[in-house]
Each structure stands twice: as C-alpha cells, then as structure tokens.
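Beneath this line is the structure, given in structure tokens, with notes to follow.
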Amino acid sequence: MHIPYTKRRLANGLDVIVHEDHQLPMVAVNLWYHVGSKDERPGRTGFAHLFEHLMFEGSEHHDHGFFGPLQRAGGLLNGSTSTDRTNYWEVVPTGALELALWMESDRMGYLLPALTEAKFENQRDVVLNERRQNYENRPYGLAGMALAAAMYSPEHPYSWLTIGSADDIRAMSLDEVQKFFRTYYHPANASLALAGDIETEQAFDLAEQFFGDLPAGPVPAPVRAEARLASSATLLLEDRVELPRLYIGWHSPEMFGAGDAELDVAADVLTQGKTSRLYRSLVFERRVATDVSAYQHSREISGTFQIACTAAAGVTLASLEAEIRGAVAELAAKGPTDDELSRGLAQTEAHFIYRLQTIGGFGGKSDQLNAYNTFRGDPGYLDADRERYRAVTPRGVSSAVQRWLAAAPSVTLSVVPRGKPELGMPGAAAVQVA
Amino acid sequence: MSRVDRSRLPVPGADRPFHFPRLARRRLANGLELRAATHRSVPIVSMVLLVPGGSSVNPPGMPGLASMLAGLLDEGSRGQSALDVADRVARIGGDLDLETGSDAHVISFTTLDRFFDTGVSLIHEIVTAPNLTPEDFNRVRNHRVERLRQIKDHAAAVADRAFAQTLYATHPYGSPGVGTEAALSAMTADDVRALHAALLVPAGSTLIVVGDRPEEELLDTVEKTFAGWQAGPATMTIDRAAALVPPPAMPVARLAVVSRPGAAQSELRIGHACAARSTPDYHALLTLNNVLGGAFVSRLNLNLREAKGYTYGVRTGFELRRGIGPFVMQTSVATSATADAVRESLKELGDIAGARPVTPDELSMAKDSVSKGYPRGFETASQVARSIAQLALHGLPDSYFEDFIPQLTAITAADVTRAAQKYLDLGRMTTVVVGDLDTISGPLASLQLGEPRVVRPEF
C-alpha cells in the first residue's frame, strides 16, 4: 500500500512532491513550513499560530484577503499550527491550480510589504477570541495547559500550548513578526505537495515557475530540548465543570521513535472501544466513569502518553487512579493478548486505507506526503509506517509500557468543579493557568 | 522558464467535466427502497440506512426516545452482547455511526470491500434484531444522564438548547434530541422496544450502498440479506409527519438570555423558524446564505471577525428540514463586545433585504464558489452515500446532482433579495445570549430589543 509520488527539490531548497489522482477535477495544494510553537521562546508563546493568521491577510501583489479569489474559484482552504509545523492547504478545481500557486508563492515570497499594524492588531484580537472560545470558555479547556506546564521545564517549548498565553499574545510586536517570517518562511524550510487531477511533469513546471525564483534562506537548526520529569507531581485545577476528571501524563517516545507504535497499541488496548480494558471495566461494566481515553501523543522532539478519565457522580478520582495504574501495571507485566493485538491491527490496517480517500485537506494524501517528508525526509514512508504496527509484539508492548509508564514518573492532574477542591486527588497542589 | 506575472492574479481555466454518481434503484417486496452507486477510488464500501422520523417521532413528554433507540442498536443483537458486536465491528475495521437527526435516523457503516458481506449482515442484524434488554437500557440511559449534566457546562450547547426551546416551544423541533434528565429517567426499555417495532420497519426506509463494484452487484448483495426483513406487530403509534406542522404561534422574544457568570465570551444565536427543505426558493437561500455568513468571505465574518475582531468566527445557516427549520446565525464573542456584536449582526441581517442588497460581485462570488466546488462533495464513498440519503429523505429526483449547478446558476440578484425579504424577518428574530449578565445587561439594554426573557435551558 502506498501513495505513488515523485519528489524533486528546487534549487532554492523547496521540496516538491506530486501525486496524480484523476478521480475528481480537483487539485490539492498543500504547503508545510517546518515551524511551530517549538520554535518560540518563553514570553513570546503563541507566536507561530498568530503568524499563521497573518498569512491569510494579503501579500504584496494581492493585498486583500487570501480567501476571496480562491473561494470565488470554488476552492476550499485552511491552515493550522501545531508544536512542530504549520500547514496551509487549498483544494481547487483543476483550472484554478495556477491561481492557488500564485497566491501561495506570493505569501511565501512577499508577505512583509503588505503587513500592517492594523492587520496585526485585528488578528491579535481574533486569536484572543479563539483562545477564549476553545480554551477559557470550554469545560476542561485549560487542563492541557496545566499539564504541559507541569510536564516540561519552563524553557522547553512543549511546556506551552500552540495557542500561547494571552499576555504573550498581547505583548507581541510587528518587528518580531517580520523577523519570524525571515527566519522560517522561505523555500528551504518548506515542503509543497500537489495531489489530484494534474500531470506530474506539468506540476513540477508550475512549481518551478511560481516558487523557483524565491530566495532560499538558511535551514533553521533543529530544536533540541530534554524532556524529563525528575519526580511525579499531583496537581489540581478548579474549572467550570460538573464532574471531576483525572489526567495522568507521562513522557514517551518521539514520533516514529522506538516504542512509539507499541504505545499507540497500548492506548488502544486500554481505552479504544467497548472491548478495551479500561473502557470495559470503568465505563461499561462498573459505570464508575463516564469516559476514559488514552493517547500516545508523539511529536518531533518527544512524546507524551496521556490518560484522561471522568468520574461518575460520587466516585473518587483516587479510586479511578488506582484502577488506571493497575491496568497499566498489568499491561506492563503481561502485555496484550494475541486477540487484542489482532483486533487492534485490523482497525489500524483499515484506517491506513481510509486515509487514501481524500487528496487534500487536513489528513488527506497531500498532507500525509508532506508529513512524512517533513518528519522523515521520505514522502513514501506510509508503507513503512504501517509496517511499524504489523511488527508490534505482545512483548514489545509490555516492555514499552513498563519502561515509559509503569516505571516512570508522571503528572497527575485533577480538574474539579470550582469551590470543590476536596474532589481532587488527596494532597494535590493547586495550579493556576493564566 | 518564464517567471511569474505578479501584476495580476491568474484567471482560472474552464471547469473540467465531472460525472456525478449514477443511481441504481430497486424496491424490495417488503417495501424497503434500495439505492446504489459505483464509486471507484479505494476498495471501500459505505452503507447508509435512512429511516425517516428521527427525533420528531418522540411521543409527547418523551424527548430522547428515538435517540436512545439508536444508541441501543449496537448494544447487542440476536442474543450476542454489546461487547460481541463491538468486537465484530472492530475485526472488520468498521466505522459505525448511529445518528438521530431531527427528521431521520441515519445509520452509516463503512468498511473495506473485502468485508462487504460481513458488514451487510452486521447492519441487518443490529437493525432488525437488537436485544434492547432492560440492563443495557439502564446502562446507556444512566450514561446519557451523566453526559447531560456535563453538557450544561458547555456554552455552545446551552445556547443551542435555549435557541431551539425559544423558537419552537412544544413543536418537535423544540425538544432536545438527546432528551432531558427527567424524560430519560422516566423511560423504560419497553418504550424503546415499542418504538423499535413501530419505527424500524422496511416500508418507508431506504438503504443506500456505495462502493467499488457494479451497481447491480451492490444491490444484489444487500437484497439477499434485507429481503427477509419483516415488520413485527407494533403497539406504539408514531407520527412520522409530526414535524410537518408549523411551529406554534407565540409572542416573540427579541432578546433571550442565559446567565453564565464570569464567562470569558458570550455565546450568541440569532434567528427564527424559517423554511422547509421543500421550499422552491432553496437555491436562492443557499446563495443568500453564502453572501451573508455561510463562507469565510461573507458579510458577517468580514465585519465581525476581519474588521472588528469581536470573534474567532461567525456563520449563518438555513437549517432546512422536512418541517420548517430555523435560520440561525451563531458566534461566540468577547464579553466586552457583546452588545456591539449583536447590533452589527442585526444590521447585516436587515440590510441585505433592503438598504444593501446583494451586489453583482457578491452574487457571482457566491454562485461560483458553491457550483465550482460542488464535485468536492463526491470524493469519498461515504460522502456519496450520505448525499443520496438526503435525496431519499426529501424526495428529490435521481437527477438532482446533475441539475444542481444549472439551477444554482439561474439565480439572480433579484431572487436573492426577494428571498431575504421573505425569509429574514428582523421583527421576528430572537437573539439568544449566553454570557456574564452582570457585565453585559446594561449594554444589551441599549439595543432596545425589549425586556430580556430569561431562559432556563432544559437538559
């Protein structure tokens, strides 16, 4: 199973990847910049994401909104920022491909002349509202921030979320935005994937035509930071919630690192579907929790493994914690059964195939080609990625769970209704999230 | 290699032809309608069983019953347990979705082509022979009651609830599809069994199957399994047309508020009961919506987000249903901007019907963006199956997809203005605000929308 592609690198360092799929009269344009909140520093958190917003506000030769011409052409478009990368995509009718490439290349090469203080202030307000909507005004919305801050030292760029702190967002200046653009937004730090109704040679010609004369910059040095918990911590956050929820976080392998796939499988065995161990026990049979989820969140520098569980009314978080740690210890001791492993693999295999259905957008084929290219240097890594899961053994899962979870320090966070700290874990230390 | 002319934007070339899915149909002796379409891309099959009625068939005082039925379908069937069913779905990498809409149940299942036969049997079994035991009922019910308690903390869910309640009162669209704690607590497994017998029957239902095989083969496979589906004796009388009556006439609350002390934002809903999917003005409303708030470049989003920075985003929609569905504008705005955001929103909603009618540029933008992007909605088997389900639900012709672009293209600016005048009525419009009333009540009073009605959303 694979996504057939051709990759070439332009003289200015831009990677171009082309995949033909003529099912729809559409082409997906997908552009990754290898920059995210990992490239920010304390005091300026939220910068990469705010910058992404500015990319939609016009560039030198089209100093109007980015959406207008593409929307008129029947295109769909968006962008997103994570800790590790920023992506921009359009899915356009085949006849509008040049328009999309013109606009993407204009904002890669000529953003700054069009960037004004007024645009900057407007998008700063928009981002502050995004933060209010998705974090501050949402139940359990601040838990991720509290966990990140507790898992990493303050200098580690994973110690804050991509949305950043409200104070930092307010403190940013236009000067800093310009410097950020020059450092990270250039061909040598980007990867362009074109997928859909296009001939491969024509696609490379167009990429060369629109992007070939943009100047290269130096490739930014990879960010290195040590992720380590010296000892376990037990924290408490009060929020506008009805039911207390427990979060446990551990450090775990980085994306594609040794143990990464094994911990993905461990997460499925613990909480994926009714037949999983913790869901079945806590939610389905004994009804002491309303939900439970586990997730191996593997990222470029390092990963975290996280379990979240909401208590049913009258159930203590301490009892849930004991259950969860018991299940983790058992998985570390004995590993998954063959039955659990084969069921998980059937789902994983199917989902690899479902991922081949769309050319563009978040998670579409063009996005996957760019992800593999950016993080592995190999757009064709899909098959090897699947092989990682086929190679997982019960013993491999048990030793990864033992090393990274059962025998490692963790952060335990209780999120409880305001005014009811007694519903948290015993001895939990209150934390504030700005 | 020639370099780029950056003095102007490239003009898009002509659209390439696209062939919309061709529908094959068959009607079984038991009354079940079948539809099939071939979709050649990835070896995947997608099925949708559409059963008209949805939440609108809930008997009075029993909101949540139809949704409980859907929720119990995969909790065990033909004597096997919920865990067995979950295991079987997982073994074929299946993606099962049991959705209860205002007008219909939509049961969707996607799996790999090589598991097609198994998938068909599985769907047949959970639909026709669910266990519906009191034990499973209690477990699912209790779980949902706890979820309802959590939803109360979610400002967007509170606003949606308050909006539907205020607009529709006793009409089926005014009741929460997921039910209320009181209604769920009073319900029994017998109620669910009675609804199952009356509602999940072949006559009136449509099974859609889309995949990488010839249509006839798709139809033959599902026919083999579903031909034996027979309705059992029904004890409950249901009214699948309950939502087709107009919402009750009642005094309009121009401003309805829900208190959320200390909220960082105010959650807004503005609108009124508006139109049914059967309206002859469907394409005009689609165009109107695109100009007003249905796209990023729309009057409301450009004003409230891009000019004023009040919000992360705003959108509008004509939620056209079998009965008269609502027009709704929804957004979440900074607390300090609440009254200004409402004022600007109402101004935009009024202006498009009079002071600032749609311009030729806006009209072409709206029509082009929708029509040129239309093929995108047919990329996956599941998208195609769900689109065909919409045709079945609303009695639209098999040629609907082919007809869509010509019909949209025919819309004029005058059509859009007429639609705005007919379907957007500021005098009947309710503004729901969920926010920190201590801070925003004063500024809201300056809008002169009358005495605010304090709403207690039912959960």
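By convention in this document, the chains of the structure tokens carry letters A, B, ... by their order, each chain's residues are numbered from 1, and ligands are numbered from 1 in the order they are shown.
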
Closest-contact table, chain A side, partner chain B, 7 Å, counting only C-alpha atoms, as a Markdown table:
```
| residue | atom | partner | partner_atom | distance |
| --- | --- | --- | --- | --- |
| A:Leu24 | CA | B:Pro375 | CA | 6.9 |
| A:Pro25 | CA | B:Arg16 | CA | 5.9 |
| A:His61 | CA | B:Arg6 | CA | 6.1 |
| A:Phe67 | CA | B:Val297 | CA | 6.6 |
| A:Gly68 | CA | B:Val297 | CA | 6.1 |
| A:Gln71 | CA | B:Ser369 | CA | 5.3 |
| A:Arg72 | CA | B:Ser369 | CA | 4.7 |
| A:Ala73 | CA | B:Ser369 | CA | 5.8 |
| A:Gly74 | CA | B:Ser369 | CA | 4.0 |
| A:Gly75 | CA | B:Gly373 | CA | 6.0 |
| A:Pro93 | CA | B:Asp15 | CA | 6.9 |
| A:Gly95 | CA | B:Gly13 | CA | 4.2 |
| A:Ala96 | CA | B:Pro12 | CA | 4.5 |
| A:Glu98 | CA | B:Pro10 | CA | 6.5 |
| A:Leu99 | CA | B:Pro10 | CA | 5.2 |
| A:Asn122 | CA | B:Gly309 | CA | 5.4 |
| A:Gln123 | CA | B:Gly309 | CA | 6.8 |
| A:Asp125 | CA | B:Gly309 | CA | 5.1 |
| A:Val126 | CA | B:Gly309 | CA | 5.0 |
| A:Val127 | CA | B:Tyr312 | CA | 6.7 |
| A:Asn129 | CA | B:Tyr312 | CA | 5.3 |
| A:Glu130 | CA | B:Tyr312 | CA | 4.9 |
| A:Arg132 | CA | B:Ala264 | CA | 6.0 |
| A:Gln133 | CA | B:Ser332 | CA | 6.7 |
| A:Glu136 | CA | B:Ala264 | CA | 6.5 |
| A:Asn137 | CA | B:Ala264 | CA | 5.7 |
| A:Arg138 | CA | B:His154 | CA | 6.2 |
| A:Pro139 | CA | B:Asp153 | CA | 6.2 |
| A:Gln209 | CA | B:Arg3 | CA | 5.7 |
| A:Phe210 | CA | B:Val4 | CA | 6.1 |
| A:Arg240 | CA | B:Asp153 | CA | 6.6 |
| A:Val241 | CA | B:Asp153 | CA | 5.9 |
| A:Glu242 | CA | B:Gln150 | CA | 5.6 |
| A:Leu243 | CA | B:Gln150 | CA | 6.9 |
| A:Lys274 | CA | B:Leu83 | CA | 6.2 |
| A:Thr275 | CA | B:Leu83 | CA | 5.7 |
| A:Thr290 | CA | B:His143 | CA | 6.4 |
| A:Arg343 | CA | B:Arg91 | CA | 5.4 |
| A:Ala346 | CA | B:Gly93 | CA | 5.5 |
| A:Gln347 | CA | B:Gly93 | CA | 4.2 |
| A:Ala350 | CA | B:Gly93 | CA | 5.1 |
| A:Gln357 | CA | B:Thr380 | CA | 5.9 |
| A:Thr358 | CA | B:Glu379 | CA | 6.6 |
```

Could the residues in this selection be written to a file with C-alpha atoms, as a CSV table (one decimal), in the first residue's frame?
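Result written to again24.csv:
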```
chain,number,residue,atom,x,y,z
A,24,LEU,CA,-12.2,14.4,-9.2
A,25,PRO,CA,-11.5,17.5,-11.4
A,61,HIS,CA,0.9,41.7,-5.0
A,67,PHE,CA,-9.7,33.7,0.9
A,68,GLY,CA,-11.6,35.8,-1.7
A,71,GLN,CA,-13.4,31.0,-2.6
A,72,ARG,CA,-14.6,32.5,-5.9
A,73,ALA,CA,-12.8,29.8,-7.8
A,74,GLY,CA,-14.6,27.1,-5.9
A,75,GLY,CA,-11.7,26.3,-3.6
A,93,PRO,CA,-10.8,22.9,-9.3
A,95,GLY,CA,-8.4,25.2,-13.7
A,96,ALA,CA,-7.6,27.2,-10.6
A,98,GLU,CA,-2.2,28.3,-11.1
A,99,LEU,CA,-4.2,30.8,-9.0
A,122,ASN,CA,-7.0,42.8,14.2
A,123,GLN,CA,-5.7,39.3,14.1
A,125,ASP,CA,-8.0,40.2,18.7
A,126,VAL,CA,-9.2,37.3,16.6
A,127,VAL,CA,-6.7,34.9,18.2
A,129,ASN,CA,-11.1,35.2,20.9
A,130,GLU,CA,-10.1,31.9,19.5
A,132,ARG,CA,-11.4,32.3,24.8
A,133,GLN,CA,-13.7,30.1,22.7
A,136,GLU,CA,-11.1,29.6,28.5
A,137,ASN,CA,-14.8,29.2,28.0
A,138,ARG,CA,-14.8,25.5,27.4
A,139,PRO,CA,-15.1,22.8,30.2
A,209,GLN,CA,7.5,28.8,-12.3
A,210,PHE,CA,5.8,30.1,-9.2
A,240,ARG,CA,-16.5,25.4,35.4
A,241,VAL,CA,-17.3,21.7,35.2
A,242,GLU,CA,-19.9,19.4,36.7
A,243,LEU,CA,-17.8,16.2,37.1
A,274,LYS,CA,-16.1,-1.1,24.4
A,275,THR,CA,-13.9,-4.1,24.4
A,290,THR,CA,-18.4,8.4,32.2
A,343,ARG,CA,-8.3,-6.8,16.7
A,346,ALA,CA,-7.4,-4.9,11.9
A,347,GLN,CA,-8.6,-1.4,12.8
A,350,ALA,CA,-8.4,-0.3,7.8
A,357,GLN,CA,-9.7,8.5,0.2
A,358,THR,CA,-9.1,12.3,0.0
```

Inset, instruction - as a list of chain:residue names, please: all residues of region 43-78 of chain B that backbone DSSP puts in strand (DSSP E). - result: B:Ile44, B:Val45, B:Ser46, B:Met47, B:Val48, B:Leu49, B:Leu50, B:Val51, B:Pro52

Inset, instruction - Extract, using only C-alpha atoms, all DNA, RNA and protein residues at most 9 Å from Ser77 (chain B), discarding same-chain residues fewer than 4 positions from it, and format them as a PyMOL selection string. - result: chain B and resi 73+81-82+84-85+125-132

Inset, instruction - Excluding Met236 (chain B) and residues on its chain fewer than 5 positions from it, collect all residues at most 9 Å away from it, counting only C-alpha atoms, and give them as a PyMOL selection string. - result: chain B and resi 191+194-195+197-198

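Closest approach to Val45 (chain B) among B:Thr206, B:Asn301, B:Gln383, B:Gln80: B:Gln383, based on only C-alpha atoms.
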
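For the set A:Leu236, A:Ile353, A:Leu382, A:Met255, the residue with the smallest atom-to-atom gap to Asp113 (chain B) is A:Ile353, counting only C-alpha atoms.
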
Inset, instruction - Name the residues of region 218-398 of chain B that fall into alpha helix (DSSP H) according to DSSP on the backbone, using the chain letters and numbers of this document, as an NGL selection string. - result: :B and (218-226 or 282-292 or 299-301 or 338-351 or 360-372 or 381-394)

Inset, instruction - Quick one: everything within 12 Å of Val51 (chain B), counting only C-alpha atoms, minus sequence neighbours fewer than 4 positions away in the same chain. Send it as a count of residues only. - result: 37

Inset, instruction - Show which residues sit within 7 Å of Met151 (chain A), as a PyMOL selection string. Count only C-alpha atoms, and ignore same-chain residues fewer than 5 positions away. - result: chain A and resi 159+229+411

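Here the question is which of A:Gly79, A:Leu278, A:Leu192, A:Ala143 gets nearest to Glu330 (chain A) using only C-alpha atoms, and that residue is A:Leu278.
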
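All residues of protein, DNA or RNA that reach within 9 Å of region 396-401 of chain A, judged by only C-alpha atoms and not counting those fewer than 5 positions away in the chain, are Ala258, Gly259, Asp260, Ala261, Glu262, Leu263, Val265, Ala266, Val328, Ala329, Glu330, Leu331, Ala332, Ala333, Lys334, Gly335, Pro336, Ala406 and Ala407 of chain A.
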
Inset, instruction - Take CA of Glu104 (chain A) and CA of Arg131 (chain A) and report the distance between them in Å, one decimal. - result: 26.5 Å
